[in-house]
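Asker: Okay, handing you the structure first.
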Amino acid sequence: MGIATLRRFGAYAGMAGDAFRLRTANSEEAARMARQRLVDRMGAMRGLPQKLGQMLSFSNHAAADDFAALQQQAEPLPIEQVLPILESAWRRPSGEILQHLDENALAASLGQVHFARLQDGRQVAIKVQYPGIREAIATDLKMLGWLSAPVGNLRRGFDLQGYRETMLQDLERELDYRAEARNQATFRSWADPFVVTPGVVEELSNDHVLVSEWRTGDDWQTVVADWTATEKEQLAQKLTHWFVSTLFERGLMHADLHPGNVRFLRAEGRVRILLYDFGCVYRPSETERFGLMRLIRATIYGNESVWPLFLQLGFDEEHLEPISGKLPELAKLLFEPFLQHDAFDSNRWRLSERMHVLLGDDRWNLRLAGPPALVFLLRSFHGLLYYLRGLDTKTQWRRSFEACLNTSKTAINNLQLPNSGSDAGSPSPPASHLKIRVTENGNLKVQLTCVPHAIDDLDTLLDHDLKARIASQNIDLDAKVLAVRQRGYTPGPVFQMSEGAKKIRVWME
């Protein structure tokens, strides 16, 4: 074992200590200091620790903001160490290539970026891979269980070997800057009017150095603070359509959408996204892509069992079988944005909370059953949700999906599904509306029709006096709402009550 490996093991021990002090902090100030030490250490370690911090920074984790510094800020290599790397790659003095090189760098997990101007006047971004990062990554993969220290132990409920292999394959691609340049060229070739992809300066790029045209745009904080409501709404809808179309039509997704890797543009009434860093992409196979589309279709229309479709996506049958009866409702929850004909509000989804209600302790079965390869789809998906929640506007998912569905209908129908002795049955169709009706002496006084998930806010739909009368009849509204969630928002009664000549009925239709 080399000195560098020993040092990295020591850094992991320090990270575990920081995480322990964070979990056992007896005051907010102590927790803040422990968290800051943890963030500083993850940035200094680079590699997977910093990648984990970047993922946490745009998650729903309670301390997400504290990890935001890891999106672009870590300890960069000094310029004295960077210049020899560039000159070795270019095989000539840097002064023959560059008019100017900014000594300040944006440090990322596997490399750092310097802004520069070439001798021909072009402004470029030069991405330089850290020396020794491959060896550090090898150590990181051995310590994968420790990487979960800030959020809980990964050893429980995960196939660590499967995740190691999946992450190793991805990191091998990320460490190959020629492969990244090919990804970048592919995105650029699509000529998507919503996406700006800088060109690669191929003659100055190799396995460890990647030179791209430099483009600038608004960072995420500027979008949230300064863009108009109309611009935000347009951006949210275009982001949603881009996510759906690149997954289901292109079969190639940007899987590292943390705010350090994107900028945003607005001009002449049009909004666009500017992408940096194409090292981490998700390439679902046709079987995975069409299988996922067929699973969503089955969830929308209830036209076939979802059980074999989960298996077709690579879910482990042994661990999935105990929750097979819950799969139809789970699918409706996971794909809820696609179920709605109208625009969907991501901020009211409450996915984690509702999955906990539906699965309870069985959620570990789902984690055990899930295929490691889906981690990159989830990364991209969580990146999209991060931006949609920040833009705080509704978006239309169904229309974009159905356009993709029509294009691939034959391939989806011809997909061969695995045989299995178990079956979770066909999903029940979801309710279309929440209905609230008040009658008096048989005459209609009030009728309110809402979207199904308005049930989650039933407390706000009823006035104070009515809620008091409901409580006086020992009707527990929270329990009634919970029951609807647990059955997956399917049609059926919520509650009804009578008070003299007045009757109140609430149901899902």
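Residues in the structure tokens are numbered from 1 in each chain, the chains being A, B, ... in the order shown, and ligands are numbered from 1 in the order shown.
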Pick out the residues sitting within 10 Å of Asp256 (chain A), and hand them over as a JSON list (two decimals) with C-alpha atoms, in the first residue's frame; count only C-alpha atoms, and ignore anything fewer than 5 positions along from it in its own chain.
Answerer:
[["chain", "number", "residue", "atom", "x", "y", "z"],
["A", 51, "LYS", "CA", -19.07, 14.22, -6.02],
["A", 54, "GLN", "CA", -22.24, 18.01, -5.11],
["A", 55, "MET", "CA", -25.16, 15.58, -5.26],
["A", 261, "ASN", "CA", -22.21, 22.47, -14.58],
["A", 262, "VAL", "CA", -24.94, 24.66, -16.09],
["A", 276, "TYR", "CA", -20.65, 22.37, -19.22],
["A", 277, "ASP", "CA", -18.92, 19.09, -18.39],
["A", 278, "PHE", "CA", -20.08, 16.09, -20.41],
["A", 279, "GLY", "CA", -18.10, 13.46, -18.51],
["A", 280, "CYS", "CA", -21.11, 11.88, -16.78],
["A", 281, "VAL", "CA", -23.90, 10.88, -19.14],
["A", 282, "TYR", "CA", -26.59, 8.20, -18.98],
["A", 376, "PHE", "CA", -27.51, 7.83, -13.16],
["A", 377, "LEU", "CA", -31.11, 8.24, -14.27],
["A", 379, "ARG", "CA", -29.11, 11.71, -10.62],
["A", 380, "SER", "CA", -30.44, 13.40, -13.74],
["A", 381, "PHE", "CA", -34.01, 13.23, -12.46],
["A", 382, "HIS", "CA", -33.11, 14.78, -9.10],
["A", 383, "GLY", "CA", -31.23, 17.51, -10.94]]
Asker: Excluding Gln129 (chain A) and any residue of its chain fewer than 3 positions from it, enumerate the residues within 10 Å of it, using only C-alpha atoms, and give them as a PDB file with C-alpha atoms, in the first residue's frame.
Answerer:
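Written out: result29.pdb:
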ATOM      1  CA  VAL A  82      -0.839  23.014 -13.962  1.00  0.00           C
ATOM      2  CA  ILE A  85       0.612  19.246 -17.425  1.00  0.00           C
ATOM      3  CA  ALA A 108     -14.193  20.155  -9.433  1.00  0.00           C
ATOM      4  CA  SER A 109     -14.077  16.561  -8.231  1.00  0.00           C
ATOM      5  CA  LEU A 110     -11.797  15.097 -10.914  1.00  0.00           C
ATOM      6  CA  GLY A 111     -10.167  18.174 -12.399  1.00  0.00           C
ATOM      7  CA  GLN A 112     -10.136  21.958 -12.496  1.00  0.00           C
ATOM      8  CA  VAL A 113     -10.997  24.569 -15.110  1.00  0.00           C
ATOM      9  CA  ILE A 126      -9.193  24.513 -20.161  1.00  0.00           C
ATOM     10  CA  GLY A 132      -3.094  10.743  -9.306  1.00  0.00           C
ATOM     11  CA  ILE A 133      -6.896  11.005  -9.378  1.00  0.00           C
ATOM     12  CA  ARG A 134      -7.267   7.474 -10.806  1.00  0.00           C
ATOM     13  CA  LEU A 175     -11.529  10.248 -16.591  1.00  0.00           C
ATOM     14  CA  ASP A 176     -11.243   9.826 -20.367  1.00  0.00           C
ATOM     15  CA  TYR A 177     -11.429  13.364 -21.722  1.00  0.00           C
ATOM     16  CA  ASP A 207      -6.932  12.147 -22.496  1.00  0.00           C
ATOM     17  CA  HIS A 208      -6.133  14.521 -19.603  1.00  0.00           C
ATOM     18  CA  VAL A 209      -6.719  18.022 -21.005  1.00  0.00           C
ATOM     19  CA  LEU A 210      -9.962  19.234 -22.583  1.00  0.00           C
TER      20      LEU A 210
END
Asker: Compile the contact shell of region 340-353 of chain A as a PyMOL selection string: residues with an atom at most 9 Å away, counting only C-alpha atoms, same-chain residues fewer than 6 positions apart removed.
Answerer: chain A and resi 300+333-334+385+388-390+392-399+432+451+453+456
Asker: Could you turn the residues from that selection into a file that holds N, CA and C atoms, as a compact mmCIF listing (two decimals), in the first residue's frame?
Answerer:
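Just written: result_38.txt:
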# COMPACT_ATOMS: atom_id res chain seq x y z
N ILE A 300 -50.27 4.65 -16.62
CA ILE A 300 -51.25 5.66 -17.05
C ILE A 300 -52.58 5.00 -17.42
N LEU A 333 -47.33 6.50 -7.94
CA LEU A 333 -46.67 7.55 -7.19
C LEU A 333 -45.40 8.00 -7.90
N LEU A 334 -44.60 7.05 -8.38
CA LEU A 334 -43.33 7.39 -9.04
C LEU A 334 -43.56 8.17 -10.33
N LEU A 385 -35.59 17.99 -10.86
CA LEU A 385 -36.50 18.39 -9.78
C LEU A 385 -35.96 19.57 -8.99
N LEU A 388 -36.84 22.60 -11.05
CA LEU A 388 -38.28 22.85 -11.12
C LEU A 388 -38.81 23.40 -9.80
N ARG A 389 -38.32 22.85 -8.69
CA ARG A 389 -38.76 23.35 -7.38
C ARG A 389 -38.30 24.79 -7.17
N GLY A 390 -37.10 25.10 -7.61
CA GLY A 390 -36.61 26.47 -7.47
C GLY A 390 -37.36 27.45 -8.34
N ASP A 392 -40.47 27.10 -9.13
CA ASP A 392 -41.78 27.20 -8.47
C ASP A 392 -42.90 27.46 -9.47
N THR A 393 -42.98 26.57 -10.48
CA THR A 393 -44.05 26.69 -11.46
C THR A 393 -44.44 25.31 -11.93
N LYS A 394 -45.65 25.16 -12.44
CA LYS A 394 -46.13 23.87 -12.92
C LYS A 394 -45.62 23.60 -14.33
N THR A 395 -45.43 22.30 -14.65
CA THR A 395 -44.98 21.94 -15.99
C THR A 395 -45.79 20.76 -16.52
N GLN A 396 -45.84 20.67 -17.83
CA GLN A 396 -46.60 19.62 -18.52
C GLN A 396 -45.66 18.48 -18.90
N TRP A 397 -45.83 17.32 -18.28
CA TRP A 397 -45.03 16.13 -18.56
C TRP A 397 -45.72 15.21 -19.56
N ARG A 398 -47.02 15.06 -19.44
CA ARG A 398 -47.76 14.05 -20.19
C ARG A 398 -47.65 14.27 -21.70
N ARG A 399 -47.78 15.50 -22.13
CA ARG A 399 -47.77 15.78 -23.57
C ARG A 399 -46.43 15.39 -24.19
N SER A 432 -59.62 10.84 -11.10
CA SER A 432 -59.47 12.03 -11.94
C SER A 432 -59.67 13.31 -11.14
N VAL A 451 -58.29 18.83 -8.46
CA VAL A 451 -57.37 17.80 -8.93
C VAL A 451 -57.21 16.77 -7.82
N HIS A 453 -54.82 15.39 -6.14
CA HIS A 453 -53.89 15.58 -5.04
C HIS A 453 -54.19 16.82 -4.20
N ASP A 456 -54.34 16.24 -0.44
CA ASP A 456 -53.24 16.49 0.49
C ASP A 456 -53.40 17.80 1.25
Asker: One number please: CA of Asp362 (chain A) to CA of Pro322 (chain A), in Å, one decimal.
Answerer: 8.2 Å
Asker: Would you pick out the contacts of Pro452 (chain A) at 12 Å or less, using only C-alpha atoms, so that residues sharing its chain but fewer than 6 positions from it are not included, and give the list as a PyMOL selection string?
Answerer: chain A and resi 336+339-342+344+348-349+430-436+458+481+484-485+488-492+494+506-509
Asker: Mind writing the picked residues with C-alpha atoms as a short mmCIF file (atom, residue, chain, number, x, y, z; two decimals), in the first residue's frame?
Answerer:
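Written file, selection30.cif:
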data_model
loop_
_atom_site.label_atom_id
_atom_site.label_comp_id
_atom_site.auth_asym_id
_atom_site.auth_seq_id
_atom_site.Cartn_x
_atom_site.Cartn_y
_atom_site.Cartn_z
CA GLU A 336 -47.46 10.83 -11.08
CA LEU A 339 -50.52 10.69 -15.10
CA GLN A 340 -51.87 14.23 -15.06
CA HIS A 341 -53.31 15.77 -18.21
CA ASP A 342 -52.78 19.24 -16.83
CA PHE A 344 -47.91 19.22 -12.60
CA ARG A 348 -46.57 19.48 -4.02
CA TRP A 349 -45.43 16.00 -5.02
CA PRO A 430 -56.11 6.72 -10.54
CA ALA A 431 -58.89 9.08 -9.62
CA SER A 432 -59.47 12.03 -11.94
CA HIS A 433 -60.84 14.43 -9.32
CA LEU A 434 -61.43 15.14 -5.66
CA LYS A 435 -65.11 15.98 -5.07
CA ILE A 436 -66.62 17.85 -2.12
CA LEU A 458 -57.96 19.07 2.35
CA VAL A 481 -56.09 11.69 3.86
CA VAL A 484 -56.23 7.85 0.36
CA ARG A 485 -52.47 8.18 -0.04
CA GLY A 488 -52.65 5.36 -4.29
CA TYR A 489 -55.29 8.08 -4.83
CA THR A 490 -57.71 5.60 -6.44
CA PRO A 491 -61.45 6.34 -6.74
CA GLY A 492 -63.53 5.78 -3.63
CA VAL A 494 -63.01 9.76 1.73
CA VAL A 506 -66.07 13.91 0.12
CA TRP A 507 -64.85 11.33 -2.39
CA MET A 508 -62.30 10.56 -5.10
CA GLU A 509 -63.85 10.11 -8.54
#
Asker: Taking 4 positions as the minimum chain separation for residues in the same chain, which residues sit within 9 Å of region 212-214 of chain A when counting only C-alpha atoms? Answer as a list in words.
Answerer: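 Listing them by chain and then by number gives Phe115, Ala116, Arg122, Gln123, Val124, Ala125, Ile126, Lys127, Ala181, Pro198, Gly199, Val200, Val201, Glu202 and Ser205 of chain A.
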Asker: Using only C-alpha atoms, which residues sit within 9 Å of Glu288 (chain A) once same-chain residues fewer than 5 positions away are excluded, as a PyMOL selection string?
Answerer: chain A and resi 293+312-314
Asker: Go ahead and write the residues just picked, C-alpha atoms, as a PDB file, in the first residue's frame.
Answerer:
ATOM      1  CA  MET A 293     -41.809   3.801 -21.379  1.00  0.00           C
ATOM      2  CA  GLN A 312     -37.558  -6.170 -17.188  1.00  0.00           C
ATOM      3  CA  LEU A 313     -35.847  -3.004 -15.932  1.00  0.00           C
ATOM      4  CA  GLY A 314     -33.506  -5.117 -13.825  1.00  0.00           C
TER       5      GLY A 314
END
Asker: Ranking A:Pro93, A:Leu477, A:Lys232, A:His258 by minimum distance to Thr460 (chain A) and counting only C-alpha atoms, which one comes first?
Answerer: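 Going through A:Pro93, A:Leu477, A:Lys232, A:His258 one by one, the smallest distance to Thr460 (chain A) is for A:Leu477.
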Asker: Tell me which of A:Ala34, A:Glu96, A:Asp218, A:Ala107 sits closest to Asp120 (chain A), counting only C-alpha atoms.
Answerer: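 Counting only C-alpha atoms, the residue closest to Asp120 (chain A) is A:Glu96.
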